[in-house]
Amino acid sequence: MIYSTATVPVNPEGETRLTRAQAWAGLELKARDARLFLPPGLCTRCEVVEESATHLVREATIAGADLREIITLEPQRKVTFFQATGPREGAIVNELFEDEAGALQLRFYCYLGLRGKEPGGPEEHAEQVQFDSDKGYKAALHSTLKRTRELLAEGKLRP
């Protein structure tokens with residue numbers, strides 16, 4: 001199994017400050033349409049196919065892989081992506097919280113396996129290394145916050 005975690009400050013020195021509501025609006029929009037947050041061409045399809053008060057289901061093509069995700073939304077706090085179909089199985093979480101000093105943080109964590117691959121095998125090991133690298137999910141958190149700021153500045157984000 002793959003377990004990875006990363007945490008970054010929502011409001012590092014020198015960046016436009018985001019409120020919890022604004023950061024949440026970015027996370028919710030990312031859940032609805034990954035194309036707005038991933039590098040151009042990485043996500044070629046992303047649509048919400050079901051929605052309720054507690055969750056949504058989206059179907060997407062990311063990095064050439066078709067997937068279906070059940071996404072739970074805990075307003076102002078947490079988005080959890082359950083990998084229903086696709087190359088991975090398990091959960092990916094994006095969580096907003098205040099640290100002990102009261103500063104807003106964004107944490108990613110996941111617990112995943114690779115469908116059809118040997119648990120703990122070379123494919124899972126390679127994914128683990130990628131997730132934990134400087135280009136892994138820590139970079140994705142920074143990218144999400146950067147894109148949230150851009151969308152806010154463009155008037156395309158409703159906090």
# chains A, B, ... in the order shown; residues from 1 in each chain; ligands from 1
call {"tool": "closest_atom_pairs", "arguments": {"of": "segment 80-120 of chain A", "to": "segment 63-75 of chain A", "cutoff": "9 Å", "atoms": "only C-alpha atoms", "output": "Markdown table"}}
result
| residue | atom | partner | partner_atom | distance |
| --- | --- | --- | --- | --- |
| A:Thr80 | CA | A:Thr72 | CA | 5.2 |
| A:Phe81 | CA | A:Ile71 | CA | 4.6 |
| A:Phe82 | CA | A:Ile70 | CA | 5.1 |
| A:Gln83 | CA | A:Glu69 | CA | 4.9 |
| A:Ala84 | CA | A:Glu69 | CA | 5.3 |
| A:Thr85 | CA | A:Arg68 | CA | 5.0 |
| A:Gly86 | CA | A:Leu67 | CA | 4.3 |
| A:Pro87 | CA | A:Ala65 | CA | 7.1 |
| A:Arg88 | CA | A:Leu67 | CA | 8.8 |
call {"tool": "select_by_dssp", "arguments": {"residues": "segment 1-135 of chain A", "states": "strand (DSSP E)", "output": "JSON, numbers by chain"}}
result
{"A": [2, 3, 4, 5, 6, 7, 8, 9, 43, 44, 45, 46, 47, 48, 49, 50, 51, 55, 56, 57, 58, 59, 60, 61, 62, 65, 66, 67, 68, 69, 70, 71, 72, 73, 74, 78, 79, 80, 81, 82, 83, 84, 85, 88, 89, 90, 91, 92, 93, 94, 95, 96, 97, 98, 104, 105, 106, 107, 108, 109, 110, 111, 112, 113, 114]}
call {"tool": "residues_around", "arguments": {"residues": "segment 33-47 of chain A", "least_positions_apart": "5", "cutoff": "7 Å", "atoms": "only C-alpha atoms", "output": "JSON, numbers by chain"}}
result
{"A": [58, 59, 60, 61, 62, 63, 144, 147]}
call {"tool": "write_last_selection", "arguments": {"atoms": "all heavy atoms", "output": "PDB file, in the first residue's frame"}}
result
ATOM      1  N   ARG A  58     -17.677  11.842  -9.837  1.00  0.00           N
ATOM      2  CA  ARG A  58     -17.148  12.416 -11.071  1.00  0.00           C
ATOM      3  C   ARG A  58     -16.440  11.328 -11.862  1.00  0.00           C
ATOM      4  O   ARG A  58     -15.865  10.392 -11.305  1.00  0.00           O
ATOM      5  CB  ARG A  58     -16.238  13.610 -10.812  1.00  0.00           C
ATOM      6  CG  ARG A  58     -14.823  13.305 -10.484  1.00  0.00           C
ATOM      7  CD  ARG A  58     -13.985  14.573 -10.360  1.00  0.00           C
ATOM      8  NE  ARG A  58     -12.609  14.205 -10.048  1.00  0.00           N
ATOM      9  CZ  ARG A  58     -11.674  15.018  -9.658  1.00  0.00           C
ATOM     10  NH1 ARG A  58     -11.939  16.300  -9.513  1.00  0.00           N
ATOM     11  NH2 ARG A  58     -10.454  14.590  -9.412  1.00  0.00           N
ATOM     12  N   GLU A  59     -16.512  11.495 -13.176  1.00  0.00           N
ATOM     13  CA  GLU A  59     -15.794  10.627 -14.102  1.00  0.00           C
ATOM     14  C   GLU A  59     -14.794  11.506 -14.826  1.00  0.00           C
ATOM     15  O   GLU A  59     -15.130  12.619 -15.246  1.00  0.00           O
ATOM     16  CB  GLU A  59     -16.758   9.950 -15.063  1.00  0.00           C
ATOM     17  CG  GLU A  59     -17.683   8.980 -14.353  1.00  0.00           C
ATOM     18  CD  GLU A  59     -18.674   8.293 -15.262  1.00  0.00           C
ATOM     19  OE1 GLU A  59     -18.798   8.687 -16.448  1.00  0.00           O
ATOM     20  OE2 GLU A  59     -19.345   7.363 -14.775  1.00  0.00           O
ATOM     21  N   ALA A  60     -13.577  11.019 -14.944  1.00  0.00           N
ATOM     22  CA  ALA A  60     -12.519  11.832 -15.527  1.00  0.00           C
ATOM     23  C   ALA A  60     -11.538  10.949 -16.286  1.00  0.00           C
ATOM     24  O   ALA A  60     -11.480   9.736 -16.072  1.00  0.00           O
ATOM     25  CB  ALA A  60     -11.786  12.599 -14.424  1.00  0.00           C
ATOM     26  N   THR A  61     -10.787  11.593 -17.154  1.00  0.00           N
ATOM     27  CA  THR A  61      -9.643  10.961 -17.799  1.00  0.00           C
ATOM     28  C   THR A  61      -8.442  11.799 -17.408  1.00  0.00           C
ATOM     29  O   THR A  61      -8.339  12.969 -17.777  1.00  0.00           O
ATOM     30  CB  THR A  61      -9.814  10.899 -19.326  1.00  0.00           C
ATOM     31  OG1 THR A  61     -11.025  10.210 -19.628  1.00  0.00           O
ATOM     32  CG2 THR A  61      -8.642  10.181 -19.969  1.00  0.00           C
ATOM     33  N   ILE A  62      -7.555  11.191 -16.606  1.00  0.00           N
ATOM     34  CA  ILE A  62      -6.366  11.884 -16.113  1.00  0.00           C
ATOM     35  C   ILE A  62      -5.149  11.044 -16.486  1.00  0.00           C
ATOM     36  O   ILE A  62      -5.104   9.853 -16.190  1.00  0.00           O
ATOM     37  CB  ILE A  62      -6.439  12.112 -14.590  1.00  0.00           C
ATOM     38  CG1 ILE A  62      -7.674  12.968 -14.248  1.00  0.00           C
ATOM     39  CG2 ILE A  62      -5.163  12.780 -14.084  1.00  0.00           C
ATOM     40  CD1 ILE A  62      -7.917  13.173 -12.761  1.00  0.00           C
ATOM     41  N   ALA A  63      -4.212  11.679 -17.147  1.00  0.00           N
ATOM     42  CA  ALA A  63      -2.993  11.004 -17.620  1.00  0.00           C
ATOM     43  C   ALA A  63      -3.356   9.769 -18.447  1.00  0.00           C
ATOM     44  O   ALA A  63      -2.715   8.730 -18.346  1.00  0.00           O
ATOM     45  CB  ALA A  63      -2.081  10.637 -16.454  1.00  0.00           C
ATOM     46  N   THR A 144      -2.381  23.941  -6.255  1.00  0.00           N
ATOM     47  CA  THR A 144      -3.811  24.158  -5.965  1.00  0.00           C
ATOM     48  C   THR A 144      -4.032  25.538  -5.360  1.00  0.00           C
ATOM     49  O   THR A 144      -4.944  26.267  -5.766  1.00  0.00           O
ATOM     50  CB  THR A 144      -4.335  23.066  -5.011  1.00  0.00           C
ATOM     51  OG1 THR A 144      -4.290  21.811  -5.695  1.00  0.00           O
ATOM     52  CG2 THR A 144      -5.762  23.356  -4.560  1.00  0.00           C
ATOM     53  N   ARG A 147      -3.417  28.258  -8.030  1.00  0.00           N
ATOM     54  CA  ARG A 147      -4.539  28.335  -8.975  1.00  0.00           C
ATOM     55  C   ARG A 147      -5.762  28.948  -8.307  1.00  0.00           C
ATOM     56  O   ARG A 147      -6.494  29.714  -8.933  1.00  0.00           O
ATOM     57  CB  ARG A 147      -4.856  26.936  -9.522  1.00  0.00           C
ATOM     58  CG  ARG A 147      -5.893  26.949 -10.607  1.00  0.00           C
ATOM     59  CD  ARG A 147      -5.367  27.657 -11.863  1.00  0.00           C
ATOM     60  NE  ARG A 147      -6.396  27.647 -12.869  1.00  0.00           N
ATOM     61  CZ  ARG A 147      -6.791  28.730 -13.549  1.00  0.00           C
ATOM     62  NH1 ARG A 147      -6.201  29.888 -13.368  1.00  0.00           N
ATOM     63  NH2 ARG A 147      -7.759  28.628 -14.429  1.00  0.00           N
TER      64      ARG A 147
END
call {"tool": "residues_around", "arguments": {"residues": "segment 12-16 of chain A", "least_positions_apart": "6", "cutoff": "10 Å", "atoms": "only C-alpha atoms", "output": "compact mmCIF listing (two decimals) with C-alpha atoms, in the first residue's frame"}}
result
# COMPACT_ATOMS: atom_id res chain seq x y z
CA ALA A 103 -2.29 29.47 10.92
CA LEU A 104 -4.40 27.90 8.18
CA GLN A 105 -2.79 24.79 6.65
CA LEU A 145 -3.36 27.23 -3.78
CA LYS A 146 -1.68 29.17 -6.61
CA ARG A 149 -5.46 32.70 -6.00
CA GLU A 150 -5.49 33.10 -9.80
CA ALA A 153 -8.13 37.41 -8.91
call {"tool": "closest_residue", "arguments": {"among": "A:Glu127, A:Val93, A:Phe108, A:Val48", "to": "Ala139 of chain A", "atoms": "only C-alpha atoms"}}
result
A:Phe108
call {"tool": "closest_residue", "arguments": {"among": "A:Leu27, A:Ala140, A:Ala21, A:Val129", "to": "Tyr3 of chain A", "atoms": "only C-alpha atoms"}}
result
A:Val129
call {"tool": "atom_distance", "arguments": {"atom1": "atom CA of Val8 of chain A", "atom2": "atom CA of Leu106 of chain A"}}
result
5.5 Å
call {"tool": "atom_distance", "arguments": {"atom1": "atom CA of Thr7 of chain A", "atom2": "atom CA of Leu29 of chain A"}}
result
19.8 Å
call {"tool": "closest_residue", "arguments": {"among": "A:Ala91, A:Leu151, A:Val49, A:Leu141", "to": "Leu112 of chain A", "atoms": "only C-alpha atoms"}}
result
A:Ala91
call {"tool": "select_by_dssp", "arguments": {"residues": "chain A", "states": "helix (DSSP H, G or I)", "output": "PyMOL selection string"}}
result
chain A and resi 20-32+34-36+122-132+137-153
call {"tool": "atom_distance", "arguments": {"atom1": "atom CA of Ala6 of chain A", "atom2": "atom CA of Glu51 of chain A"}}
result
28.6 Å
